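Structure file upload-v6.pdb (PDB, C-alpha atoms) follows.
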```pdb
ATOM      1  CA  MET A   1       0.000   0.000   0.000  1.00  0.00           C
ATOM      2  CA  ASN A   2       1.225   3.443  -0.935  1.00  0.00           C
ATOM      3  CA  LYS A   3       1.721   5.758   2.082  1.00  0.00           C
ATOM      4  CA  ASN A   4      -0.436   8.393   0.343  1.00  0.00           C
ATOM      5  CA  GLU A   5      -3.438   6.078   0.017  1.00  0.00           C
ATOM      6  CA  ILE A   6      -6.435   6.651   2.236  1.00  0.00           C
ATOM      7  CA  THR A   7      -7.956   3.559   3.785  1.00  0.00           C
ATOM      8  CA  ALA A   8     -11.601   3.320   4.842  1.00  0.00           C
ATOM      9  CA  ASN A   9     -12.610   1.968   8.218  1.00  0.00           C
ATOM     10  CA  TYR A  10     -15.739  -0.014   7.392  1.00  0.00           C
ATOM     11  CA  ASP A  11     -15.499  -2.062  10.575  1.00  0.00           C
ATOM     12  CA  GLU A  12     -16.522   0.797  12.884  1.00  0.00           C
ATOM     13  CA  SER A  13     -19.511   1.720  10.708  1.00  0.00           C
ATOM     14  CA  TRP A  14     -20.614  -1.910  10.611  1.00  0.00           C
ATOM     15  CA  LYS A  15     -20.384  -2.269  14.403  1.00  0.00           C
ATOM     16  CA  GLU A  16     -22.247   1.000  14.959  1.00  0.00           C
ATOM     17  CA  ALA A  17     -25.055  -0.090  12.616  1.00  0.00           C
ATOM     18  CA  LEU A  18     -25.235  -3.480  14.296  1.00  0.00           C
ATOM     19  CA  ASN A  19     -25.477  -1.832  17.725  1.00  0.00           C
ATOM     20  CA  GLU A  20     -28.239   0.495  16.548  1.00  0.00           C
ATOM     21  CA  TYR A  21     -30.306  -2.083  14.644  1.00  0.00           C
ATOM     22  CA  PHE A  22     -29.408  -5.321  16.448  1.00  0.00           C
ATOM     23  CA  ASP A  23     -32.972  -6.552  16.953  1.00  0.00           C
ATOM     24  CA  SER A  24     -33.988  -5.661  13.386  1.00  0.00           C
ATOM     25  CA  PHE A  25     -30.863  -7.400  12.070  1.00  0.00           C
ATOM     26  CA  LEU A  26     -31.686 -10.594  13.953  1.00  0.00           C
ATOM     27  CA  SER A  27     -35.347 -10.410  12.969  1.00  0.00           C
ATOM     28  CA  PHE A  28     -34.475 -10.184   9.272  1.00  0.00           C
ATOM     29  CA  PHE A  29     -31.541 -12.596   9.027  1.00  0.00           C
ATOM     30  CA  PHE A  30     -32.348 -15.008  11.881  1.00  0.00           C
ATOM     31  CA  PRO A  31     -36.141 -14.939  12.431  1.00  0.00           C
ATOM     32  CA  VAL A  32     -36.254 -18.220  14.379  1.00  0.00           C
ATOM     33  CA  ALA A  33     -33.561 -17.052  16.798  1.00  0.00           C
ATOM     34  CA  TYR A  34     -35.247 -13.638  17.061  1.00  0.00           C
ATOM     35  CA  LYS A  35     -38.518 -15.252  18.150  1.00  0.00           C
ATOM     36  CA  ALA A  36     -36.704 -17.315  20.797  1.00  0.00           C
ATOM     37  CA  ILE A  37     -35.142 -14.253  22.461  1.00  0.00           C
ATOM     38  CA  ASP A  38     -36.726 -12.478  25.423  1.00  0.00           C
ATOM     39  CA  TRP A  39     -36.658  -8.858  24.215  1.00  0.00           C
ATOM     40  CA  THR A  40     -37.996  -7.400  27.487  1.00  0.00           C
ATOM     41  CA  LYS A  41     -34.343  -6.867  28.466  1.00  0.00           C
ATOM     42  CA  PRO A  42     -32.121  -4.707  26.235  1.00  0.00           C
ATOM     43  CA  PRO A  43     -29.173  -6.356  24.437  1.00  0.00           C
ATOM     44  CA  GLU A  44     -25.853  -6.264  26.271  1.00  0.00           C
ATOM     45  CA  SER A  45     -22.659  -6.058  24.225  1.00  0.00           C
ATOM     46  CA  LEU A  46     -19.666  -8.018  25.521  1.00  0.00           C
ATOM     47  CA  ASP A  47     -16.992  -6.388  23.344  1.00  0.00           C
ATOM     48  CA  LYS A  48     -14.275  -6.539  26.014  1.00  0.00           C
ATOM     49  CA  GLU A  49     -14.957 -10.206  26.686  1.00  0.00           C
ATOM     50  CA  LEU A  50     -14.795 -10.955  22.950  1.00  0.00           C
ATOM     51  CA  GLN A  51     -11.454  -9.139  22.714  1.00  0.00           C
ATOM     52  CA  GLU A  52     -10.102 -11.232  25.584  1.00  0.00           C
ATOM     53  CA  ILE A  53     -11.204 -14.449  23.897  1.00  0.00           C
ATOM     54  CA  THR A  54      -9.791 -13.529  20.483  1.00  0.00           C
ATOM     55  CA  ALA A  55      -6.565 -12.087  21.920  1.00  0.00           C
ATOM     56  CA  SER A  56      -5.604 -15.531  23.216  1.00  0.00           C
ATOM     57  CA  SER A  57      -6.490 -17.219  19.920  1.00  0.00           C
ATOM     58  CA  ALA A  58      -3.782 -19.049  18.001  1.00  0.00           C
ATOM     59  CA  THR A  59      -5.007 -17.542  14.719  1.00  0.00           C
ATOM     60  CA  GLU A  60      -5.452 -13.919  13.707  1.00  0.00           C
ATOM     61  CA  LYS A  61      -8.605 -14.550  11.674  1.00  0.00           C
ATOM     62  CA  ARG A  62     -11.793 -13.457  13.439  1.00  0.00           C
ATOM     63  CA  ILE A  63     -15.270 -14.474  12.377  1.00  0.00           C
ATOM     64  CA  ALA A  64     -17.263 -12.757  15.138  1.00  0.00           C
ATOM     65  CA  ASP A  65     -17.481  -8.996  15.576  1.00  0.00           C
ATOM     66  CA  LYS A  66     -20.066  -8.937  18.342  1.00  0.00           C
ATOM     67  CA  LEU A  67     -20.833 -11.040  21.385  1.00  0.00           C
ATOM     68  CA  CYS A  68     -24.257 -10.494  22.930  1.00  0.00           C
ATOM     69  CA  PRO A  69     -25.839 -12.864  25.440  1.00  0.00           C
ATOM     70  CA  LYS A  70     -29.610 -13.024  25.299  1.00  0.00           C
ATOM     71  CA  ASN A  71     -32.210 -14.657  27.477  1.00  0.00           C
ATOM     72  CA  CYS A  72     -34.471 -17.057  25.647  1.00  0.00           C
ATOM     73  CA  ASN A  73     -38.223 -17.199  26.002  1.00  0.00           C
ATOM     74  CA  ARG A  74     -39.458 -20.137  28.026  1.00  0.00           C
ATOM     75  CA  ASP A  75     -42.168 -21.035  25.484  1.00  0.00           C
TER      76      ASP A  75
END
```
Mind turning the file's structure into structure tokens?
Amino acid sequence: MNKNEITANYDESWKEALNEYFDSFLSFFFPVAYKAIDWTKPPESLDKELQEITASSATEKRIADKLCPKNCNRD
């Protein structure tokens, strides 16, 4: 890469959009999982915990960008 090239940071925009529209994202892409989640409690992001897990990984490749525990409905 040339030192004069400008690089775009798409990762931050993606994470921000996912934070803002998390429930809509799950509803659209994972409707079965969405229906199983108890949405009476707001989503909690575990970014620091994910960083700790991936930091100790033997590989540099990451698949997950977000880690969010959710309570499931008891239905």
Quiz item: Hey, which of A:Leu67, A:Ala8, A:Pro43, A:Leu50 ends up closest to Tyr21 of chain A? Count all atoms listed in the file.
Solution: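 Smallest distance to Tyr21 of chain A is found for A:Pro43.
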Quiz item: For the atom pair atom CA of Lys66 of chain A and atom CA of Asp47 of chain A, what is the interatomic distance in Å to one decimal place?
Solution: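 That distance, rounded to one decimal, is 6.4 Å.
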Quiz item: What separation in Å, quoted to one decimal, exists between atom CA of Ala36 of chain A and atom CA of Lys70 of chain A?
Solution: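 Separation of atom CA of Ala36 of chain A and atom CA of Lys70 of chain A: 9.4 Å.
We find atom CA of Leu46 of chain A and atom CA of Cys72 of chain A to be spaced 17.3 Å apart.
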Practice problem: Identify all residues satisfying the PyMOL selection byres ((chain A and resi 22-26) around 12) in the given file; provide them as a PyMOL selection string. | Solution: chain A and resi 14-21+27-45+66-68+70
Please output segment 2-19 of chain A, rebuilt to include N, CA, C and O atoms, as an mmCIF file, in the frame of the given file.
```
data_model
loop_
_atom_site.group_PDB
_atom_site.id
_atom_site.type_symbol
_atom_site.label_atom_id
_atom_site.label_comp_id
_atom_site.auth_asym_id
_atom_site.auth_seq_id
_atom_site.Cartn_x
_atom_site.Cartn_y
_atom_site.Cartn_z
ATOM 1 N N ASN A 2 0.521 2.173 -0.829
ATOM 2 C CA ASN A 2 1.225 3.443 -0.935
ATOM 3 C C ASN A 2 0.920 4.284 0.309
ATOM 4 O O ASN A 2 -0.202 4.339 0.785
ATOM 5 N N LYS A 3 1.927 4.978 0.863
ATOM 6 C CA LYS A 3 1.721 5.758 2.082
ATOM 7 C C LYS A 3 0.768 6.939 1.870
ATOM 8 O O LYS A 3 0.264 7.501 2.826
ATOM 9 N N ASN A 4 0.481 7.300 0.628
ATOM 10 C CA ASN A 4 -0.436 8.393 0.343
ATOM 11 C C ASN A 4 -1.882 7.927 0.167
ATOM 12 O O ASN A 4 -2.769 8.742 0.012
ATOM 13 N N GLU A 5 -2.088 6.605 0.186
ATOM 14 C CA GLU A 5 -3.438 6.078 0.017
ATOM 15 C C GLU A 5 -4.256 6.261 1.295
ATOM 16 O O GLU A 5 -3.733 6.153 2.397
ATOM 17 N N ILE A 6 -5.511 6.537 1.111
ATOM 18 C CA ILE A 6 -6.435 6.651 2.236
ATOM 19 C C ILE A 6 -7.183 5.334 2.360
ATOM 20 O O ILE A 6 -7.709 4.817 1.373
ATOM 21 N N THR A 7 -7.225 4.805 3.566
ATOM 22 C CA THR A 7 -7.956 3.559 3.785
ATOM 23 C C THR A 7 -9.248 3.858 4.530
ATOM 24 O O THR A 7 -9.297 4.737 5.387
ATOM 25 N N ALA A 8 -10.294 3.132 4.201
ATOM 26 C CA ALA A 8 -11.601 3.320 4.842
ATOM 27 C C ALA A 8 -11.725 2.352 6.004
ATOM 28 O O ALA A 8 -11.259 1.220 5.942
ATOM 29 N N ASN A 9 -12.363 2.811 7.056
ATOM 30 C CA ASN A 9 -12.610 1.968 8.218
ATOM 31 C C ASN A 9 -14.076 1.549 8.202
ATOM 32 O O ASN A 9 -14.924 2.184 8.809
ATOM 33 N N TYR A 10 -14.363 0.472 7.485
ATOM 34 C CA TYR A 10 -15.739 -0.014 7.392
ATOM 35 C C TYR A 10 -16.162 -0.763 8.647
ATOM 36 O O TYR A 10 -17.336 -0.887 8.933
ATOM 37 N N ASP A 11 -15.204 -1.274 9.394
ATOM 38 C CA ASP A 11 -15.499 -2.062 10.575
ATOM 39 C C ASP A 11 -16.276 -1.252 11.616
ATOM 40 O O ASP A 11 -17.255 -1.726 12.171
ATOM 41 N N GLU A 12 -15.841 -0.036 11.892
ATOM 42 C CA GLU A 12 -16.522 0.797 12.884
ATOM 43 C C GLU A 12 -17.956 1.116 12.468
ATOM 44 O O GLU A 12 -18.864 1.072 13.280
ATOM 45 N N SER A 13 -18.157 1.420 11.203
ATOM 46 C CA SER A 13 -19.511 1.720 10.708
ATOM 47 C C SER A 13 -20.404 0.492 10.830
ATOM 48 O O SER A 13 -21.577 0.595 11.211
ATOM 49 N N TRP A 14 -19.863 -0.667 10.509
ATOM 50 C CA TRP A 14 -20.614 -1.910 10.611
ATOM 51 C C TRP A 14 -21.023 -2.174 12.057
ATOM 52 O O TRP A 14 -22.167 -2.497 12.354
ATOM 53 N N LYS A 15 -20.084 -2.031 12.989
ATOM 54 C CA LYS A 15 -20.384 -2.269 14.403
ATOM 55 C C LYS A 15 -21.408 -1.267 14.936
ATOM 56 O O LYS A 15 -22.287 -1.619 15.712
ATOM 57 N N GLU A 16 -21.295 -0.026 14.523
ATOM 58 C CA GLU A 16 -22.247 1.000 14.959
ATOM 59 C C GLU A 16 -23.650 0.673 14.442
ATOM 60 O O GLU A 16 -24.635 0.774 15.176
ATOM 61 N N ALA A 17 -23.755 0.281 13.185
ATOM 62 C CA ALA A 17 -25.055 -0.090 12.616
ATOM 63 C C ALA A 17 -25.620 -1.315 13.320
ATOM 64 O O ALA A 17 -26.820 -1.375 13.617
ATOM 65 N N LEU A 18 -24.782 -2.278 13.608
ATOM 66 C CA LEU A 18 -25.235 -3.480 14.296
ATOM 67 C C LEU A 18 -25.718 -3.159 15.710
ATOM 68 O O LEU A 18 -26.731 -3.700 16.167
ATOM 69 N N ASN A 19 -25.021 -2.262 16.399
ATOM 70 C CA ASN A 19 -25.477 -1.832 17.725
ATOM 71 C C ASN A 19 -26.839 -1.155 17.652
ATOM 72 O O ASN A 19 -27.721 -1.410 18.468
#
```
